file structure_26.txt (compact mmCIF, C-alpha atoms and all ligand atoms)
# COMPACT_ATOMS: atom_id res chain seq x y z
CA MET A 1 5.87 26.91 8.52
CA GLN A 2 2.09 26.90 8.17
CA GLU A 3 1.96 25.28 4.71
CA ILE A 4 3.83 22.24 6.02
CA GLU A 5 1.12 21.80 8.66
CA VAL A 6 -1.53 22.01 5.97
CA LEU A 7 0.39 19.42 3.93
CA ALA A 8 0.87 17.09 6.93
CA ASP A 9 -2.88 17.25 7.67
CA LEU A 10 -3.76 16.54 4.05
CA VAL A 11 -1.38 13.53 4.01
CA ARG A 12 -2.94 12.19 7.22
CA MET A 13 -6.47 12.58 5.88
CA ALA A 14 -6.01 11.32 2.34
CA ARG A 15 -6.70 7.65 1.68
CA SER A 16 -4.65 7.80 -1.48
CA ALA A 17 -1.95 10.29 -2.42
CA VAL A 18 0.00 10.56 -5.64
CA ALA A 19 3.44 12.14 -5.89
CA PHE A 20 4.15 13.78 -9.24
CA THR A 21 7.78 14.74 -9.68
CA GLY A 22 9.92 16.71 -12.11
CA ALA A 23 13.57 17.49 -12.64
CA GLY A 24 13.63 19.66 -9.48
CA ILE A 25 13.60 16.61 -7.20
CA SER A 26 16.91 15.42 -8.65
CA THR A 27 18.89 18.68 -8.52
CA GLU A 28 19.90 17.89 -4.92
CA SER A 29 21.45 14.70 -6.33
CA GLY A 30 23.57 16.85 -8.63
CA ILE A 31 21.52 16.41 -11.83
CA PRO A 32 20.71 19.80 -13.36
CA ASP A 33 17.09 20.56 -14.27
CA PHE A 34 16.11 22.08 -17.61
CA ARG A 35 14.75 25.49 -16.88
CA SER A 36 16.68 26.85 -13.88
CA PRO A 37 19.65 29.13 -14.69
CA GLY A 38 22.46 26.79 -15.75
CA GLY A 39 19.83 24.14 -16.64
CA ILE A 40 20.34 21.96 -19.70
CA TRP A 41 18.20 24.04 -22.12
CA THR A 42 20.18 27.16 -21.30
CA ARG A 43 23.26 25.30 -22.62
CA HIS A 44 21.97 23.02 -25.44
CA GLN A 45 19.38 22.91 -28.20
CA PRO A 46 17.11 19.85 -27.92
CA VAL A 47 17.04 17.42 -30.87
CA LEU A 48 13.50 16.75 -32.11
CA TYR A 49 12.44 13.13 -32.67
CA ASN A 50 11.79 13.60 -36.42
CA GLU A 51 15.22 15.18 -36.91
CA PHE A 52 16.84 12.32 -34.97
CA MET A 53 15.16 9.77 -37.21
CA ALA A 54 15.80 11.68 -40.43
CA SER A 55 19.49 12.56 -40.30
CA ARG A 56 22.74 11.09 -39.05
CA GLU A 57 23.94 14.60 -38.23
CA ALA A 58 21.01 15.02 -35.78
CA ARG A 59 21.72 11.58 -34.27
CA VAL A 60 25.31 12.62 -33.65
CA ARG A 61 24.06 15.76 -31.85
CA GLY A 62 21.41 13.76 -29.98
CA TRP A 63 23.92 11.17 -28.79
CA LYS A 64 26.37 13.83 -27.69
CA LEU A 65 23.64 15.26 -25.45
CA ALA A 66 22.29 11.88 -24.27
CA ALA A 67 25.70 10.34 -23.56
CA GLY A 68 26.81 13.54 -21.80
CA MET A 69 23.72 13.52 -19.58
CA PHE A 70 24.08 9.79 -18.87
CA LEU A 71 27.73 10.14 -17.87
CA GLU A 72 26.87 13.17 -15.72
CA SER A 73 24.05 11.38 -13.89
CA ARG A 74 25.48 7.83 -13.75
CA ALA A 75 27.02 8.29 -10.31
CA ALA A 76 24.03 10.19 -8.86
CA GLN A 77 22.37 8.82 -5.72
CA PRO A 78 18.80 9.38 -4.53
CA ASN A 79 18.47 12.30 -2.10
CA ASP A 80 16.22 13.08 0.90
CA GLY A 81 13.30 13.97 -1.43
CA HIS A 82 13.34 10.61 -3.25
CA ARG A 83 13.84 8.74 0.02
CA ALA A 84 10.99 10.55 1.77
CA ILE A 85 8.59 9.67 -1.05
CA ALA A 86 9.66 6.01 -0.83
CA GLU A 87 9.08 6.13 2.94
CA LEU A 88 5.59 7.64 2.46
CA GLU A 89 4.88 4.83 0.02
CA ARG A 90 6.07 2.16 2.50
CA CYS A 91 3.86 3.70 5.20
CA GLY A 92 0.82 3.52 2.92
CA HIS A 93 0.36 7.26 2.28
CA VAL A 94 1.61 7.44 -1.29
CA ALA A 95 -0.01 5.01 -3.73
CA ALA A 96 1.97 5.92 -6.85
CA VAL A 97 4.77 8.13 -8.11
CA ILE A 98 4.31 9.71 -11.53
CA THR A 99 7.63 11.11 -12.68
CA GLN A 100 8.77 13.17 -15.63
CA ASN A 101 12.34 12.19 -14.78
CA ILE A 102 14.39 9.72 -16.73
CA ASP A 103 17.12 9.22 -14.13
CA GLY A 104 15.76 6.14 -12.29
CA LEU A 105 16.39 7.64 -8.84
CA HIS A 106 12.88 6.95 -7.46
CA ARG A 107 13.38 3.21 -7.99
CA ASP A 108 16.88 3.42 -6.51
CA ALA A 109 15.33 5.02 -3.41
CA GLY A 110 12.95 2.05 -3.06
CA SER A 111 9.74 3.36 -4.62
CA THR A 112 7.89 0.57 -6.39
CA GLY A 113 4.80 2.22 -7.89
CA VAL A 114 6.78 4.42 -10.28
CA ILE A 115 5.27 5.54 -13.59
CA GLU A 116 7.97 6.98 -15.83
CA LEU A 117 6.07 9.27 -18.20
CA HIS A 118 9.16 10.26 -20.17
CA GLY A 119 10.87 6.87 -20.12
CA THR A 120 14.32 6.05 -18.78
CA ASN A 121 17.86 6.85 -19.82
CA ARG A 122 19.15 3.60 -18.31
CA LYS A 123 18.09 1.69 -21.40
CA VAL A 124 18.67 2.20 -25.10
CA ARG A 125 16.11 1.08 -27.67
CA CYS A 126 16.42 0.34 -31.38
CA GLN A 127 13.92 2.60 -33.16
CA ASP A 128 13.30 -0.09 -35.83
CA CYS A 129 13.14 -3.47 -34.04
CA SER A 130 12.67 -2.30 -30.40
CA SER A 131 15.57 -4.40 -29.04
CA THR A 132 16.96 -2.88 -25.85
CA TRP A 133 20.43 -2.67 -24.29
CA PRO A 134 21.86 -1.19 -21.10
CA THR A 135 22.84 2.42 -21.82
CA GLU A 136 26.19 1.73 -20.17
CA ASP A 137 27.16 -0.63 -23.05
CA ILE A 138 26.12 1.73 -25.83
CA VAL A 139 27.78 4.74 -24.20
CA GLU A 140 30.95 2.67 -24.06
CA ARG A 141 30.72 2.29 -27.87
CA TRP A 142 30.04 6.03 -28.16
CA GLN A 143 33.11 6.80 -26.03
CA ALA A 144 35.15 4.55 -28.32
CA GLY A 145 34.20 6.78 -31.28
CA ASP A 146 30.83 5.43 -32.55
CA GLU A 147 29.10 8.82 -32.73
CA ALA A 148 25.61 7.57 -33.75
CA PRO A 149 25.37 3.92 -32.60
CA GLU A 150 23.23 1.49 -34.61
CA CYS A 151 21.43 -1.73 -33.64
CA GLU A 152 23.57 -4.88 -33.78
CA ASP A 153 20.49 -6.94 -34.75
CA CYS A 154 19.00 -4.85 -37.56
CA GLY A 155 21.16 -1.76 -38.14
CA GLY A 156 18.36 0.61 -37.01
CA PRO A 157 19.10 3.83 -35.14
CA LEU A 158 19.58 3.46 -31.37
CA LYS A 159 18.18 6.04 -28.95
CA THR A 160 17.87 6.17 -25.16
CA ALA A 161 14.44 4.87 -24.07
CA THR A 162 13.32 8.41 -23.27
CA VAL A 163 10.52 10.45 -24.82
CA SER A 164 12.11 13.05 -27.10
CA PHE A 165 10.45 16.30 -28.12
CA GLY A 166 7.98 15.47 -30.87
CA GLN A 167 7.78 11.77 -29.93
CA SER A 168 4.44 10.36 -28.79
CA MET A 169 3.87 9.64 -25.10
CA PRO A 170 3.94 5.99 -23.98
CA GLU A 171 0.34 4.70 -23.97
CA GLU A 172 0.53 2.33 -21.02
CA GLU A 173 2.22 4.89 -18.75
CA MET A 174 -0.28 7.59 -19.72
CA ARG A 175 -3.16 5.21 -18.99
CA ARG A 176 -1.77 4.20 -15.59
CA ALA A 177 -0.98 7.82 -14.68
CA GLY A 178 -4.54 8.82 -15.58
CA GLU A 179 -5.94 6.01 -13.47
CA VAL A 180 -3.94 6.79 -10.29
CA THR A 181 -4.62 10.52 -10.76
CA LEU A 182 -8.37 9.92 -10.76
CA ARG A 183 -8.09 7.78 -7.60
CA ALA A 184 -5.99 10.37 -5.74
CA GLU A 185 -7.42 12.35 -2.84
CA LEU A 186 -4.16 14.26 -2.56
CA PHE A 187 -1.88 15.21 -5.43
CA LEU A 188 1.64 16.36 -4.57
CA ALA A 189 3.47 18.12 -7.39
CA ILE A 190 7.16 18.24 -6.46
CA GLY A 191 9.99 19.93 -8.36
CA SER A 192 8.22 20.54 -11.63
CA SER A 193 7.79 23.83 -13.45
CA LEU A 194 4.42 22.37 -14.59
CA VAL A 195 4.78 23.80 -18.08
CA VAL A 196 5.53 20.58 -20.03
CA GLU A 197 2.36 19.06 -21.50
CA PRO A 198 0.72 16.63 -21.32
CA ALA A 199 2.46 15.81 -18.03
CA ALA A 200 1.36 19.04 -16.39
CA SER A 201 -2.27 18.23 -17.05
CA PHE A 202 -2.31 15.55 -14.32
CA PRO A 203 -2.34 17.99 -11.37
CA ARG A 204 -5.12 19.93 -13.09
CA ILE A 205 -7.14 16.74 -13.64
CA ALA A 206 -6.64 15.65 -10.02
CA LYS A 207 -7.80 19.01 -8.70
CA GLY A 208 -10.78 19.06 -11.06
CA ASN A 209 -11.70 15.60 -9.75
CA GLY A 210 -11.86 16.84 -6.15
CA ALA A 211 -8.35 16.02 -4.92
CA SER A 212 -6.32 18.46 -2.85
CA LEU A 213 -3.29 19.84 -4.66
CA VAL A 214 -0.01 20.80 -2.98
CA ILE A 215 2.89 22.23 -4.99
CA ILE A 216 6.46 22.07 -3.68
CA ASN A 217 8.68 24.06 -6.03
CA ARG A 218 11.29 26.78 -5.60
CA GLU A 219 9.79 28.93 -8.36
CA PRO A 220 6.17 29.86 -9.07
CA THR A 221 4.21 27.60 -11.43
CA PRO A 222 1.15 28.31 -13.59
CA LEU A 223 -0.94 26.09 -11.27
CA ASP A 224 -0.08 27.82 -7.97
CA GLU A 225 -3.45 29.60 -7.93
CA LEU A 226 -5.28 26.26 -8.03
CA ALA A 227 -3.30 24.74 -5.17
CA ASP A 228 -4.42 24.21 -1.58
CA ALA A 229 -0.85 24.92 -0.44
CA VAL A 230 2.30 26.12 -2.22
CA ILE A 231 5.69 25.52 -0.60
CA ARG A 232 8.54 27.45 -2.26
CA ARG A 233 11.38 25.81 -0.38
CA PRO A 234 14.09 23.21 -1.10
CA ILE A 235 12.52 19.80 -1.58
CA GLY A 236 14.83 17.68 0.61
CA GLU A 237 14.38 19.74 3.78
CA THR A 238 10.63 20.17 3.11
CA MET A 239 10.09 16.43 2.78
CA ASN A 240 12.21 15.72 5.88
CA THR A 241 10.13 18.21 7.88
CA LEU A 242 6.97 16.57 6.56
CA LEU A 243 8.14 13.12 7.71
CA GLU A 244 8.99 14.53 11.14
CA ARG A 245 5.56 16.16 11.45
CA LEU A 246 3.95 12.86 10.54
CA GLY A 247 6.00 11.13 13.23
CA TYR A 248 8.27 9.12 10.94
CA SER A 249 12.01 9.04 11.33
CA ARG A 250 14.14 11.18 9.00
CA GLN A 251 15.42 9.18 6.11
P1 LIG B 301 11.89 21.85 -15.07
O1 LIG B 301 13.37 21.89 -15.26
O2 LIG B 301 11.02 22.51 -16.06
O3 LIG B 301 11.53 22.47 -13.65
C1 LIG B 301 12.16 22.09 -12.47
C2 LIG B 301 11.61 22.96 -11.35
O4 LIG B 301 12.18 22.51 -10.13
C3 LIG B 301 11.98 24.43 -11.51
O5 LIG B 301 10.80 25.21 -11.47
C4 LIG B 301 12.88 24.72 -10.28
O6 LIG B 301 12.60 25.96 -9.70
C5 LIG B 301 12.51 23.62 -9.32
N1 LIG B 301 13.61 23.16 -8.46
C6 LIG B 301 14.85 22.79 -8.85
N2 LIG B 301 15.56 22.34 -7.78
C7 LIG B 301 14.75 22.47 -6.70
C8 LIG B 301 14.91 22.20 -5.31
N3 LIG B 301 16.03 21.66 -4.83
N4 LIG B 301 13.88 22.45 -4.48
C9 LIG B 301 12.71 23.00 -4.96
N5 LIG B 301 12.49 23.28 -6.26
C10 LIG B 301 13.51 23.01 -7.12
O7 LIG B 301 11.51 20.33 -14.86
P2 LIG B 301 10.24 19.50 -15.32
O8 LIG B 301 9.00 20.21 -14.95
O9 LIG B 301 10.49 18.14 -14.78
O10 LIG B 301 10.32 19.44 -16.90
C11 LIG B 301 11.53 19.17 -17.51
C12 LIG B 301 11.58 17.97 -18.43
O11 LIG B 301 12.93 17.60 -18.43
C13 LIG B 301 10.86 16.76 -17.97
O12 LIG B 301 10.07 16.39 -19.01
C14 LIG B 301 11.93 15.68 -17.72
O13 LIG B 301 11.67 14.57 -18.56
C15 LIG B 301 13.20 16.24 -18.20
N6 LIG B 301 14.40 16.23 -17.31
C16 LIG B 301 14.65 15.18 -16.49
C17 LIG B 301 15.77 15.19 -15.65
C18 LIG B 301 16.00 14.03 -14.74
O14 LIG B 301 15.61 12.92 -15.08
N7 LIG B 301 16.59 14.25 -13.58
C19 LIG B 301 16.62 16.28 -15.64
C20 LIG B 301 16.36 17.35 -16.52
C21 LIG B 301 15.23 17.30 -17.34
ZN ZN B 302 17.16 -3.20 -34.31
call {"tool": "encode", "arguments": {"input": "structure_26.txt", "output": "structure tokens", "more": "lines below"}}
Ligand code: NAD
Ligand code: ZN
result
Amino acid sequence: MQEIEVLADLVRMARSAVAFTGAGISTESGIPDFRSPGGIWTRHQPVLYNEFMASREARVRGWKLAAGMFLESRAAQPNDGHRAIAELERCGHVAAVITQNIDGLHRDAGSTGVIELHGTNRKVRCQDCSSTWPTEDIVERWQAGDEAPECEDCGGPLKTATVSFGQSMPEEEMRRAGEVTLRAELFLAIGSSLVVEPAASFPRIAKGNGASLVIINREPTPLDELADAVIRRPIGETMNTLLERLGYSRQ
């Protein structure tokens, strides 16, 4: 496949590459994405942050969704895509991983420079006093019948440490993501529909700053026209082929 050769050359040439990932990289681990057929938004209505904060009824709905997703993804393992990115990081090609995912699988695969733009569902945070707990513990309470768990310290509403619709983006993560994006000579957008803002602005910024842009995604994205190469193939096999072309062992 010609695009893979283009990608392999760009990886070899770039002094600093950034991987930017979305829900698509975790579907091969059995976690559904949002926008594919059967994806989460085709089955559930999202709960907006203001609604969550304003009414117990919304918190009950929010927790049903969050606990369901946590239980569904708890046993998930990183796949070839996550492992290949970690390998590219170990070999000095990838300097940072910006992810929209909340599932923690990049860290599990061994990536260290991970910037979680939308937070993590492995922790729960009190919305009043900011105390945190392992999600496991709070989901246990939820399973025992506590439909909208509250903070044991202050009684405030608990929510997974993820960025909900209508909630502001985390400042430090946005700053770091902006910094690594501006340093990137190659920007790899992997498994993202590139429609969620402001996350999707990073590939555009990288390209505007002179970086090469490669998009690996099964479906077309609004940024395909900007890209130096577009690979519409499954992520795991694409990343394995890339590692082989670069002369690294399959993960
Ligand atoms: P998205 O659901 O909008 O898009 C995922 C894209 O990946 C789709 O275009 C799909 O065609 C593609 N894709 C799916 N599986 C693929 C595969 N195996 N190979 C190649 N392409 C594949 O995802 P998004 O852009 O990340 O935006 C969704 C939002 O949902 C994010 O903000 C994220 O926080 C959240 N989310 C996270 C998870 C997770 O943590 N795993 C899961 C669902 C949603
Ligand atoms: Zn509290």
call {"tool": "residues_around", "arguments": {"input": "structure_26.txt", "residues": "Arg61 in chain A", "least_positions_apart": "6", "cutoff": "10 Å", "atoms": "all atoms listed in the file", "output": "ChimeraX atom specification"}}
result
/A:44-47,52,147-148
call {"tool": "closest_residue", "arguments": {"input": "structure_26.txt", "among": "A:Glu87, A:Glu72, A:Glu57, A:Asp33", "to": "Glu244 in chain A", "atoms": "all atoms listed in the file"}}
result
A:Glu87
call {"tool": "closest_atom_pairs", "arguments": {"input": "structure_26.txt", "of": "chain A", "to": "ligand ZN 302 (chain B)", "cutoff": "9 Å", "atoms": "only C-alpha atoms and all ligand atoms", "output": "CSV"}}
result
residue,atom,partner,partner_atom,distance
A:Arg125,CA,B:ZN302,ZN,8.0
A:Cys126,CA,B:ZN302,ZN,4.7
A:Gln127,CA,B:ZN302,ZN,6.7
A:Asp128,CA,B:ZN302,ZN,5.2
A:Cys129,CA,B:ZN302,ZN,4.0
A:Ser130,CA,B:ZN302,ZN,6.0
A:Ser131,CA,B:ZN302,ZN,5.6
A:Thr132,CA,B:ZN302,ZN,8.5
A:Glu150,CA,B:ZN302,ZN,7.7
A:Cys151,CA,B:ZN302,ZN,4.6
A:Glu152,CA,B:ZN302,ZN,6.6
A:Asp153,CA,B:ZN302,ZN,5.0
A:Cys154,CA,B:ZN302,ZN,4.1
A:Gly155,CA,B:ZN302,ZN,5.7
A:Gly156,CA,B:ZN302,ZN,4.8
A:Pro157,CA,B:ZN302,ZN,7.3
A:Leu158,CA,B:ZN302,ZN,7.7
call {"tool": "atom_distance", "arguments": {"input": "structure_26.txt", "atom1": "CA of Leu243 in chain A", "atom2": "CA of Val214 in chain A"}}
result
15.5 Å
call {"tool": "atom_distance", "arguments": {"input": "structure_26.txt", "atom1": "CA of Leu242 in chain A", "atom2": "CA of Arg175 in chain A"}}
result
29.7 Å
call {"tool": "residues_near_point", "arguments": {"input": "structure_26.txt", "point": "(8.0, 15.5, -15.1)", "cutoff": "9 Å", "atoms": "all atoms listed in the file", "output": "list in words"}}
result
Phe20, Thr21, Gly22, Ala23, Gly24, Ile98, Thr99, Gln100, Asn101, Ile102, Glu116, Leu117, His118, Gly191, Ser192, Ser193, Leu194, Val196, Ala199 and Ala200 of chain A
call {"tool": "write_last_selection", "arguments": {"input": "structure_26.txt", "atoms": "C-alpha atoms", "output": "PDB file, keeping the file's coordinate frame"}}
result
ATOM      1  CA  PHE A  20       4.150  13.780  -9.240  1.00  0.00           C
ATOM      2  CA  THR A  21       7.780  14.740  -9.680  1.00  0.00           C
ATOM      3  CA  GLY A  22       9.920  16.710 -12.110  1.00  0.00           C
ATOM      4  CA  ALA A  23      13.570  17.490 -12.640  1.00  0.00           C
ATOM      5  CA  GLY A  24      13.630  19.660  -9.480  1.00  0.00           C
ATOM      6  CA  ILE A  98       4.310   9.710 -11.530  1.00  0.00           C
ATOM      7  CA  THR A  99       7.630  11.110 -12.680  1.00  0.00           C
ATOM      8  CA  GLN A 100       8.770  13.170 -15.630  1.00  0.00           C
ATOM      9  CA  ASN A 101      12.340  12.190 -14.780  1.00  0.00           C
ATOM     10  CA  ILE A 102      14.390   9.720 -16.730  1.00  0.00           C
ATOM     11  CA  GLU A 116       7.970   6.980 -15.830  1.00  0.00           C
ATOM     12  CA  LEU A 117       6.070   9.270 -18.200  1.00  0.00           C
ATOM     13  CA  HIS A 118       9.160  10.260 -20.170  1.00  0.00           C
ATOM     14  CA  GLY A 191       9.990  19.930  -8.360  1.00  0.00           C
ATOM     15  CA  SER A 192       8.220  20.540 -11.630  1.00  0.00           C
ATOM     16  CA  SER A 193       7.790  23.830 -13.450  1.00  0.00           C
ATOM     17  CA  LEU A 194       4.420  22.370 -14.590  1.00  0.00           C
ATOM     18  CA  VAL A 196       5.530  20.580 -20.030  1.00  0.00           C
ATOM     19  CA  ALA A 199       2.460  15.810 -18.030  1.00  0.00           C
ATOM     20  CA  ALA A 200       1.360  19.040 -16.390  1.00  0.00           C
TER      21      ALA A 200
END
call {"tool": "closest_residue", "arguments": {"input": "structure_26.txt", "among": "A:Ile205, A:Pro134, A:Val114, A:Asp146", "to": "Arg176 in chain A", "atoms": "only C-alpha atoms"}}
result
A:Val114
call {"tool": "axis_aligned_box", "arguments": {"input": "structure_26.txt", "around": "ligand LIG 301 (chain B)", "padding_each_side": "8 Å", "output": "lines of an AutoDock Vina configuration file"}}
result
center_x = 12.8
center_y = 19.4
center_z = -11.7
size_x = 23.6
size_y = 29.0
size_z = 30.5
call {"tool": "atom_distance", "arguments": {"input": "structure_26.txt", "atom1": "atom O8 of ligand LIG 301 (chain B)", "atom2": "CA of Arg233 in chain A"}}
result
15.8 Å
call {"tool": "closest_residue", "arguments": {"input": "structure_26.txt", "among": "A:Arg15, A:Arg90, A:Arg122, A:Arg183", "to": "Arg74 in chain A", "atoms": "only C-alpha atoms"}}
result
A:Arg122
call {"tool": "residues_around", "arguments": {"input": "structure_26.txt", "residues": "Glu5 in chain A", "least_positions_apart": "6", "cutoff": "10 Å", "atoms": "all atoms listed in the file", "output": "ChimeraX atom specification"}}
result
/A:11,229,241-242,245-246
call {"tool": "write_last_selection", "arguments": {"input": "structure_26.txt", "atoms": "C-alpha atoms", "output": "PDB file, keeping the file's coordinate frame"}}
result
ATOM      1  CA  VAL A  11      -1.380  13.530   4.010  1.00  0.00           C
ATOM      2  CA  ALA A 229      -0.850  24.920  -0.440  1.00  0.00           C
ATOM      3  CA  THR A 241      10.130  18.210   7.880  1.00  0.00           C
ATOM      4  CA  LEU A 242       6.970  16.570   6.560  1.00  0.00           C
ATOM      5  CA  ARG A 245       5.560  16.160  11.450  1.00  0.00           C
ATOM      6  CA  LEU A 246       3.950  12.860  10.540  1.00  0.00           C
TER       7      LEU A 246
END
call {"tool": "residues_around", "arguments": {"input": "structure_26.txt", "residues": "Glu28 in chain A", "least_positions_apart": "3", "cutoff": "9 Å", "atoms": "only C-alpha atoms", "output": "compact mmCIF listing (two decimals) with C-alpha atoms, keeping the file's coordinate frame"}}
result
# COMPACT_ATOMS: atom_id res chain seq x y z
CA GLY A 24 13.63 19.66 -9.48
CA ILE A 25 13.60 16.61 -7.20
CA ILE A 31 21.52 16.41 -11.83
CA PRO A 32 20.71 19.80 -13.36
CA PRO A 78 18.80 9.38 -4.53
CA ASN A 79 18.47 12.30 -2.10
CA ASP A 80 16.22 13.08 0.90
CA GLY A 81 13.30 13.97 -1.43
CA PRO A 234 14.09 23.21 -1.10
CA ILE A 235 12.52 19.80 -1.58
CA GLY A 236 14.83 17.68 0.61
call {"tool": "closest_residue", "arguments": {"input": "structure_26.txt", "among": "A:Tyr248, A:Trp63, A:Phe70, A:Phe187", "to": "ligand LIG 301 (chain B)", "atoms": "only C-alpha atoms and all ligand atoms"}}
result
A:Phe70
call {"tool": "residues_near_point", "arguments": {"input": "structure_26.txt", "point": "(-8.7, 9.4, -9.0)", "cutoff": "10 Å", "atoms": "all atoms listed in the file", "output": "mmCIF file with C-alpha atoms, keeping the file's coordinate frame"}}
result
data_model
loop_
_atom_site.group_PDB
_atom_site.id
_atom_site.type_symbol
_atom_site.label_atom_id
_atom_site.label_comp_id
_atom_site.auth_asym_id
_atom_site.auth_seq_id
_atom_site.Cartn_x
_atom_site.Cartn_y
_atom_site.Cartn_z
ATOM 1 C CA SER A 16 -4.650 7.800 -1.480
ATOM 2 C CA ALA A 17 -1.950 10.290 -2.420
ATOM 3 C CA VAL A 18 0.000 10.560 -5.640
ATOM 4 C CA ALA A 177 -0.980 7.820 -14.680
ATOM 5 C CA GLY A 178 -4.540 8.820 -15.580
ATOM 6 C CA GLU A 179 -5.940 6.010 -13.470
ATOM 7 C CA VAL A 180 -3.940 6.790 -10.290
ATOM 8 C CA THR A 181 -4.620 10.520 -10.760
ATOM 9 C CA LEU A 182 -8.370 9.920 -10.760
ATOM 10 C CA ARG A 183 -8.090 7.780 -7.600
ATOM 11 C CA ALA A 184 -5.990 10.370 -5.740
ATOM 12 C CA GLU A 185 -7.420 12.350 -2.840
ATOM 13 C CA LEU A 186 -4.160 14.260 -2.560
ATOM 14 C CA PHE A 187 -1.880 15.210 -5.430
ATOM 15 C CA ILE A 205 -7.140 16.740 -13.640
ATOM 16 C CA ALA A 206 -6.640 15.650 -10.020
ATOM 17 C CA LYS A 207 -7.800 19.010 -8.700
ATOM 18 C CA ASN A 209 -11.700 15.600 -9.750
ATOM 19 C CA GLY A 210 -11.860 16.840 -6.150
ATOM 20 C CA ALA A 211 -8.350 16.020 -4.920
#
call {"tool": "closest_residue", "arguments": {"input": "structure_26.txt", "among": "A:Ser249, A:Asn217, A:Ser26, A:Ser212", "to": "Gln77 in chain A", "atoms": "only C-alpha atoms"}}
result
A:Ser26
